[in-house]
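For reference, the structure discussed in these notes is given below.
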Amino acid sequence: MAHLNIGDVLRRQGDLDGALKAYREGLVIRQRLAALNRNNPQWQRDLTPVANKMVDLAFRFVRAGKFETGLAAVDQSIALRPEDVSFYAVRAYALMFLGQVDEARALYLRYRGAQNVLGNKPWEAVVLEDFADLSKAGHSHPLMDEIEKRFAARG
């Protein structure tokens, strides 16, 4: 828990790199514990908070223009919780800004129609809200306009 708490403090202070380092150190420890006893449901569940913190941090990296670091962080989250659809939105943003447009587009369209992706929000609402946030941070991409139009056309 100490690594996660340290990571949280660093994240709040704006030290994204330091927070990522702390989260990763905490993750290594939790993965070791989970591997020691795969029958211990608590140790398995303990990986979930790390995945959630890392995906939040991944989005912060993308918003800060550190797309490669964001992609690496979200991929670690996906490895821990591949069933969490919301993680794939962050992956798509990073891919899009890294120029991997076809792969990003495929993700945006793959989960179209998914419900309760983040809380009770559907996929489209999550993506469009994040697009607005990314735009406010000074990031735009033609794929964002394309996806917005495709989502609206389905409406």
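In the structure tokens, chains take letters A, B, ... by order of appearance, with residues numbered from 1 within each chain and ligands from 1 in the order shown.
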**Report entry** Residues flagged alpha helix (DSSP H) by DSSP in chain A, as a PyMOL selection string
**Finding:** chain A and resi 2-12+16-36+41-45+47-63+67-80+85-97+101-110+123-136+142-154
**Report entry** Exercise: A:Lys53 partners within 12 Å, only C-alpha atoms, chain neighbours under 5 positions left out, as a list of chain:residue names
**Finding:**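 Skipping anything fewer than 5 positions along the chain leaves A:His3, A:Leu4, A:Asn5, A:Ile6, A:Gly7, A:Asp8, A:Arg11, A:Leu16, A:Ala19, A:Leu20, A:Ala22, A:Tyr23, A:Arg24, A:Gly26, A:Leu27, A:Asp46, A:Leu47, A:Thr48, A:Ala58, A:Phe59, A:Arg60, A:Ala73, A:Val74, A:Gln76, A:Ser77, A:Ile78, A:Leu80, A:Phe87.
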Requested in this report: Extract, using only C-alpha atoms, all DNA, RNA and protein residues at most 9 Å from A:Asp130, discarding same-chain residues fewer than 4 positions from it, and format them as a VMD selection string.
Outcome: chain A and resid 89 to 90 93 125 to 126 134 to 135
Same residues, N, CA and C atoms, output as a compact mmCIF listing (two decimals), in the first residue's frame:
# COMPACT_ATOMS: atom_id res chain seq x y z
N ALA A 89 -10.15 2.74 -24.21
CA ALA A 89 -10.30 4.11 -24.70
C ALA A 89 -8.98 4.85 -24.56
N VAL A 90 -8.34 4.71 -23.42
CA VAL A 90 -7.05 5.38 -23.20
C VAL A 90 -6.01 4.83 -24.17
N TYR A 93 -6.55 6.51 -27.51
CA TYR A 93 -6.05 7.89 -27.57
C TYR A 93 -4.55 7.91 -27.80
N ALA A 125 -20.09 8.09 -24.82
CA ALA A 125 -20.02 9.24 -23.91
C ALA A 125 -18.63 9.35 -23.30
N VAL A 126 -18.04 8.23 -22.91
CA VAL A 126 -16.69 8.24 -22.34
C VAL A 126 -15.70 8.81 -23.35
N LEU A 134 -9.15 16.23 -24.00
CA LEU A 134 -7.90 16.26 -24.77
C LEU A 134 -7.80 17.53 -25.61
N SER A 135 -8.91 17.95 -26.18
CA SER A 135 -8.93 19.19 -26.96
C SER A 135 -8.59 20.39 -26.09
Query raised in the report: Counting only C-alpha atoms, which of A:Val101, A:Leu107, A:Val117, A:Met54 gets nearest to A:Pro142?
Result: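 Among the listed residues, the smallest separation from A:Pro142 belongs to A:Val101.
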Report task. Choose the residue, out of A:Ala153, A:Leu118, A:Leu98, A:Ala2, that has the smallest atom-to-atom separation from A:Leu71; count only C-alpha atoms. Result ->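 Nearest candidate to A:Leu71 out of A:Ala153, A:Leu118, A:Leu98, A:Ala2: A:Leu98.
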Query raised in the report: If you measure from atom CA of A:Glu68 to atom CA of A:Glu25, what distance in Å do you get, rounded to one decimal?
Result: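 It comes out at 19.4 Å.
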Query - Distance query stretch 144-150 of chain A at most 10 Å, only C-alpha atoms, self and fewer than 2 positions along chain excluded, as a list in words - result: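 Counting only C-alpha atoms, the residues come to Tyr93, Met96, Arg105, Tyr108, Leu109, Arg112, Glu124, Val127, Leu128, Phe131, Ala132, Leu134, Ser135, His139, Ser140, His141, Pro142, Ala152, Ala153, Arg154 and Gly155 of chain A.
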Resulting file, chosen residues, N, CA and C atoms, as a PDB file, in the first residue's frame:
ATOM      1  N   TYR A  93      -6.550   6.512 -27.507  1.00  0.00           N
ATOM      2  CA  TYR A  93      -6.054   7.895 -27.567  1.00  0.00           C
ATOM      3  C   TYR A  93      -4.548   7.908 -27.804  1.00  0.00           C
ATOM      4  N   MET A  96      -3.700   6.816 -31.322  1.00  0.00           N
ATOM      5  CA  MET A  96      -4.083   7.847 -32.289  1.00  0.00           C
ATOM      6  C   MET A  96      -2.999   8.919 -32.375  1.00  0.00           C
ATOM      7  N   ARG A 105      -8.642   3.537 -34.552  1.00  0.00           N
ATOM      8  CA  ARG A 105      -9.996   3.516 -35.116  1.00  0.00           C
ATOM      9  C   ARG A 105     -10.683   2.192 -34.813  1.00  0.00           C
ATOM     10  N   TYR A 108     -11.934   2.257 -31.262  1.00  0.00           N
ATOM     11  CA  TYR A 108     -13.103   3.126 -31.095  1.00  0.00           C
ATOM     12  C   TYR A 108     -14.367   2.440 -31.601  1.00  0.00           C
ATOM     13  N   LEU A 109     -14.252   1.765 -32.730  1.00  0.00           N
ATOM     14  CA  LEU A 109     -15.429   1.138 -33.331  1.00  0.00           C
ATOM     15  C   LEU A 109     -15.759  -0.213 -32.709  1.00  0.00           C
ATOM     16  N   ARG A 112     -18.073   0.350 -29.720  1.00  0.00           N
ATOM     17  CA  ARG A 112     -19.265   1.183 -29.929  1.00  0.00           C
ATOM     18  C   ARG A 112     -20.493   0.396 -29.493  1.00  0.00           C
ATOM     19  N   GLU A 124     -19.545   5.602 -26.046  1.00  0.00           N
ATOM     20  CA  GLU A 124     -19.524   6.830 -26.826  1.00  0.00           C
ATOM     21  C   GLU A 124     -19.385   8.059 -25.935  1.00  0.00           C
ATOM     22  N   VAL A 127     -15.750   8.299 -24.560  1.00  0.00           N
ATOM     23  CA  VAL A 127     -14.804   8.728 -25.597  1.00  0.00           C
ATOM     24  C   VAL A 127     -14.995  10.202 -25.930  1.00  0.00           C
ATOM     25  N   LEU A 128     -16.231  10.626 -26.129  1.00  0.00           N
ATOM     26  CA  LEU A 128     -16.472  12.011 -26.513  1.00  0.00           C
ATOM     27  C   LEU A 128     -16.103  12.984 -25.393  1.00  0.00           C
ATOM     28  N   PHE A 131     -12.389  13.176 -25.515  1.00  0.00           N
ATOM     29  CA  PHE A 131     -11.977  13.997 -26.657  1.00  0.00           C
ATOM     30  C   PHE A 131     -12.030  15.481 -26.277  1.00  0.00           C
ATOM     31  N   ALA A 132     -13.105  15.886 -25.608  1.00  0.00           N
ATOM     32  CA  ALA A 132     -13.242  17.287 -25.191  1.00  0.00           C
ATOM     33  C   ALA A 132     -12.114  17.663 -24.231  1.00  0.00           C
ATOM     34  N   LEU A 134      -9.149  16.229 -24.004  1.00  0.00           N
ATOM     35  CA  LEU A 134      -7.898  16.260 -24.765  1.00  0.00           C
ATOM     36  C   LEU A 134      -7.799  17.527 -25.611  1.00  0.00           C
ATOM     37  N   SER A 135      -8.913  17.952 -26.181  1.00  0.00           N
ATOM     38  CA  SER A 135      -8.927  19.190 -26.964  1.00  0.00           C
ATOM     39  C   SER A 135      -8.594  20.392 -26.088  1.00  0.00           C
ATOM     40  N   HIS A 139      -4.755  19.057 -27.646  1.00  0.00           N
ATOM     41  CA  HIS A 139      -4.512  17.918 -28.533  1.00  0.00           C
ATOM     42  C   HIS A 139      -5.726  17.694 -29.433  1.00  0.00           C
ATOM     43  N   SER A 140      -5.458  17.660 -30.707  1.00  0.00           N
ATOM     44  CA  SER A 140      -6.525  17.336 -31.662  1.00  0.00           C
ATOM     45  C   SER A 140      -5.944  16.413 -32.720  1.00  0.00           C
ATOM     46  N   HIS A 141      -6.845  15.726 -33.369  1.00  0.00           N
ATOM     47  CA  HIS A 141      -6.448  14.783 -34.420  1.00  0.00           C
ATOM     48  C   HIS A 141      -7.651  14.601 -35.339  1.00  0.00           C
ATOM     49  N   PRO A 142      -7.433  14.478 -36.631  1.00  0.00           N
ATOM     50  CA  PRO A 142      -8.559  14.270 -37.547  1.00  0.00           C
ATOM     51  C   PRO A 142      -9.414  13.051 -37.192  1.00  0.00           C
ATOM     52  N   ALA A 152     -22.219  10.084 -33.871  1.00  0.00           N
ATOM     53  CA  ALA A 152     -23.443  10.874 -34.050  1.00  0.00           C
ATOM     54  C   ALA A 152     -24.361  10.245 -35.085  1.00  0.00           C
ATOM     55  N   ALA A 153     -23.787   9.684 -36.143  1.00  0.00           N
ATOM     56  CA  ALA A 153     -24.573   9.076 -37.225  1.00  0.00           C
ATOM     57  C   ALA A 153     -25.329   7.860 -36.718  1.00  0.00           C
ATOM     58  N   ARG A 154     -24.786   7.208 -35.739  1.00  0.00           N
ATOM     59  CA  ARG A 154     -25.434   6.010 -35.192  1.00  0.00           C
ATOM     60  C   ARG A 154     -26.615   6.398 -34.307  1.00  0.00           C
ATOM     61  N   GLY A 155     -26.509   7.604 -33.681  1.00  0.00           N
ATOM     62  CA  GLY A 155     -27.446   8.078 -32.682  1.00  0.00           C
ATOM     63  C   GLY A 155     -28.857   8.043 -33.064  1.00  0.00           C
TER      64      GLY A 155
END
Report task. Please measure the separation of atom CA of A:Asp133 and atom CA of A:Gln100, giving the value in Å to one decimal. Result ->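 Taking atom CA of A:Asp133 and atom CA of A:Gln100, their separation equals 20.4 Å.
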